[in-house]
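K.L.:
Right, I'll just put the structure down here and ask away after.
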Amino acid sequence: MSNKALSAGLGNCPQCHKLNVMHTEKQACSRCKTLFFARKPKSIEYTLAWTIAALVMFIPANIYPMMVFYTLGKPDASTILEGIAIFIQLGMLPVAIIIFIASFVVPLGKIIGLFTLMYSSKKPTKLTLKQQGKLYHIVEFLGPWSMLDVFVVTVMAAVVNLGFLTSIEVASGITYFTLMVVFTIFAAESFDPRLLWDNHQKHNHNTVTPYKEYKNTDDKCHDK
Amino acid sequence: MSHSSINNMLACHQCDSLLPMPLLAEGQKAYCGCCGATLFSKKKDAINRTIAVAIAGLLLLFPAILLPIIGIGAAGLYNDASLVGCITLLIDTRNYIIAFAVFMFTIAIPTVRLFTALYISLCIRFNRTKPSLLVFFRSYHILDTWTMIHVFFMGVIVSMYKLSALADMTIGGGLLSLVLLLLCSTLVSVTMDQHSIWHKLEETIE
């Protein structure tokens with residue numbers, strides 16, 4: 001197994017990726033002055049908290065209507081899944097698929113993915129490290145794309161505004177949906193992927209060096 | 001561990017493997033041998049290209065935000081909406097959280113991000129590096145995650161498809177500007193050479 005920076009008393013700056021000698025648990029990067037830790041502190045706890053918050057928001061986001069469609073003054077509210085059903089009835093299958101993936105499959109998949117990642121960083125799993133790394137990448141990449149439905153509803157509500165004839169109004173469900181998307185992005189941000197490799201090493205090699213062992217022998221190399 | 005050896009090494013940001021600092025020619029990319037994550041890449045003519053693209057992007061911001069993107073007409077009535085129009089409508093209907101989110105993700109953060117890219121590149125181009133650039137460049141890294149012009153554009157496309165079945169749809173100048181702005185915003189990430197900018201800042205400041 002290759003050498004880890006942590007066991008050599010080194011830490012990678014999360015902002016500029018400069019390798020630093022860790023003197024204390026928390027220190028400023030010698031290049032960009034960011035305060036950082038060798039591993040994000042309480043990474044799993046924060047990720048778990050944000051993920052649960054997102055999961056809670058997912059419920060009202062699906063129960064309450066996303067938008068209200070007024071035709072000749074008659075309101076017609078629809079939730080995410082009802083909206084998709086309407087598109088299928090109208091024969092607009094491509095839109096239905098895009099909306100279904102962007103606003104139902106992706107958010108739920110992201111939450112499941114985050115739970116899987118948190119589990120794999122604590123316990124040995126069947127997933128290989130490469131798959132875990134890929135999963136983290138996908139969760140991180142998908143972050144902003146869940147906002148698609150919010151933008152669609154916003155544009156629709158602003159454009160379809162023909163007074164009594166037809167108009168679309170934004171409804172309360174979308175607020176919960178936005179919060180859910182933001183929470184999942186925060187969850188992915190607070191997860192430290194290096195924990196996956198740490199855990200793998202712990203369970204497969206049993207040769208982890210003590211966590212808090214910093215080499216204080218060469219102080220000169222910190223200050224440039 | 002001596003001073004020179006730590007500067008010639010790097011740790012993978014994904015799996016924390018210690019690796020020797022690779023020497024790259026222009027246009028090459030370095031990958032982690034352990035987990036396969038991209039470590040960094042060296043780009044061609046990065047500073048000049050970033051300046052050009054960022055200026056173009058900042059100029060395109062105004063038409064993209066203010067001009068109407070799409071409009072619909074039915075039974076003699078007509079209505080269109082710009083990006084600012086969308087946000088003011090959300091505020092009028094008291095959806096403050098969404099209004100704030102849309103404003104931040106599609107206007108505020110992309111603007112600050114483009115401005116930051118331009119400012120840093122200009123300072124390096126004319127050799128005027130100063131410690132405040134560190135703060136700017138750090139914020140650039142954070143803002144990268146929260147730029148959502150590409151998602152907004154996809155949202156406009158989906159809305160267009162939906163609306164075309166509903167009523168007569170027209171395309172405004174805002175849509176073209178939005179496409180070009182999206183192009184510039186993406187190109188900034190492509191042309192910007194973060195690794196060498198950090199390296200340059202480290203060499204010149206202090």
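Residues are referred to by chain and number: the chain letter is A, B, ... according to the order shown in the structure tokens, the number counts from 1 in that chain, and ligands are numbered separately from 1 in the order shown.
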Report as a count of residues only all protein, DNA and RNA residues lying within 8 Å of Ser121 of chain B, evaluated on only C-alpha atoms, omitting residues in the same chain fewer than 6 positions from it.

P.N.:
4

K.L.:
Counting only C-alpha atoms, which residues of chain B come no farther than 7 Å from chain A, as an MDAnalysis selection string?

P.N.:
chainID B and resid 2:3 6 10:11 13:18 35 71:72 77:81 85:86 89 97:98 134 138 141 148 151:152 154:156 158:159 198 202

K.L.:
Residues of the last selection are to be written out with C-alpha atoms, as an mmCIF file, in the first residue's frame.

P.N.:
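Generated output (result.cif):
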```cif
data_model
loop_
_atom_site.group_PDB
_atom_site.id
_atom_site.type_symbol
_atom_site.label_atom_id
_atom_site.label_comp_id
_atom_site.auth_asym_id
_atom_site.auth_seq_id
_atom_site.Cartn_x
_atom_site.Cartn_y
_atom_site.Cartn_z
ATOM 1 C CA SER B 2 13.905 18.791 4.497
ATOM 2 C CA HIS B 3 12.404 21.892 3.008
ATOM 3 C CA ILE B 6 8.286 18.746 0.851
ATOM 4 C CA LEU B 10 2.182 16.411 -3.145
ATOM 5 C CA ALA B 11 -0.630 14.477 -1.554
ATOM 6 C CA HIS B 13 -6.699 15.378 -2.376
ATOM 7 C CA GLN B 14 -8.916 12.318 -2.681
ATOM 8 C CA CYS B 15 -6.962 9.423 -1.153
ATOM 9 C CA ASP B 16 -4.084 11.267 0.605
ATOM 10 C CA SER B 17 -1.296 9.266 -1.085
ATOM 11 C CA LEU B 18 2.103 10.910 -0.982
ATOM 12 C CA CYS B 35 -7.053 6.242 -6.886
ATOM 13 C CA GLY B 71 -41.718 35.201 -24.302
ATOM 14 C CA ILE B 72 -45.120 33.752 -25.086
ATOM 15 C CA LEU B 77 -51.673 38.946 -25.195
ATOM 16 C CA TYR B 78 -47.903 38.860 -24.905
ATOM 17 C CA ASN B 79 -45.497 38.434 -22.027
ATOM 18 C CA ASP B 80 -41.773 37.881 -21.773
ATOM 19 C CA ALA B 81 -39.306 37.586 -18.933
ATOM 20 C CA GLY B 85 -37.773 39.636 -14.202
ATOM 21 C CA CYS B 86 -37.872 36.079 -12.840
ATOM 22 C CA LEU B 89 -41.540 38.120 -9.686
ATOM 23 C CA ILE B 97 -35.789 31.818 -0.252
ATOM 24 C CA ILE B 98 -36.024 30.811 -3.917
ATOM 25 C CA LEU B 134 -4.662 34.917 -1.816
ATOM 26 C CA ARG B 138 -9.357 31.123 -2.254
ATOM 27 C CA HIS B 141 -12.241 27.875 -5.381
ATOM 28 C CA MET B 148 -25.247 27.268 -11.772
ATOM 29 C CA VAL B 151 -28.284 24.365 -14.877
ATOM 30 C CA PHE B 152 -30.318 27.544 -15.397
ATOM 31 C CA MET B 154 -30.912 23.679 -19.128
ATOM 32 C CA GLY B 155 -33.964 24.884 -17.177
ATOM 33 C CA VAL B 156 -34.687 27.455 -19.903
ATOM 34 C CA VAL B 158 -36.892 22.497 -20.704
ATOM 35 C CA SER B 159 -39.277 25.448 -20.227
ATOM 36 C CA TRP B 198 -0.838 29.153 -6.755
ATOM 37 C CA GLU B 202 3.772 31.509 -3.566
#
```

K.L.:
Could you tell me how far atom CA of Thr186 of chain B sits from atom CA of His150 of chain B, in Å to one decimal place?

P.N.:
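Between atom CA of His150 of chain B and atom CA of Thr186 of chain B the gap is 8.6 Å.
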
K.L.:
Can you list, as a ChimeraX atom specification, every residue of segment 29-103 of chain A that DSSP puts in strand (DSSP E or B)?

P.N.:
/A:35-37,67-71,74-78

K.L.:
Need the shell around segment 106-117 of chain A: protein/DNA/RNA residues with any atom at most 8 Å away, counting only C-alpha atoms. Skip same-chain ones fewer than 4 positions apart. Format as a list of chain:residue names?

P.N.:
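Contacts, in chain order: A:Thr47, A:Leu48, A:Thr51, A:Ala54, A:Leu55, A:Ile101, A:Ala102, A:Ser121, A:Gln132, A:Leu135, A:Tyr136, A:Val139, A:Leu142, A:Ser146, A:Val181, A:Thr184, A:Ala187, A:Ala188, A:Leu196.
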
K.L.:
Nearest to His23 of chain A among A:Phe191, A:Tyr119, A:Phe37, A:Tyr46, with distances taken over only C-alpha atoms: which residue is it?

P.N.:
A:Phe37
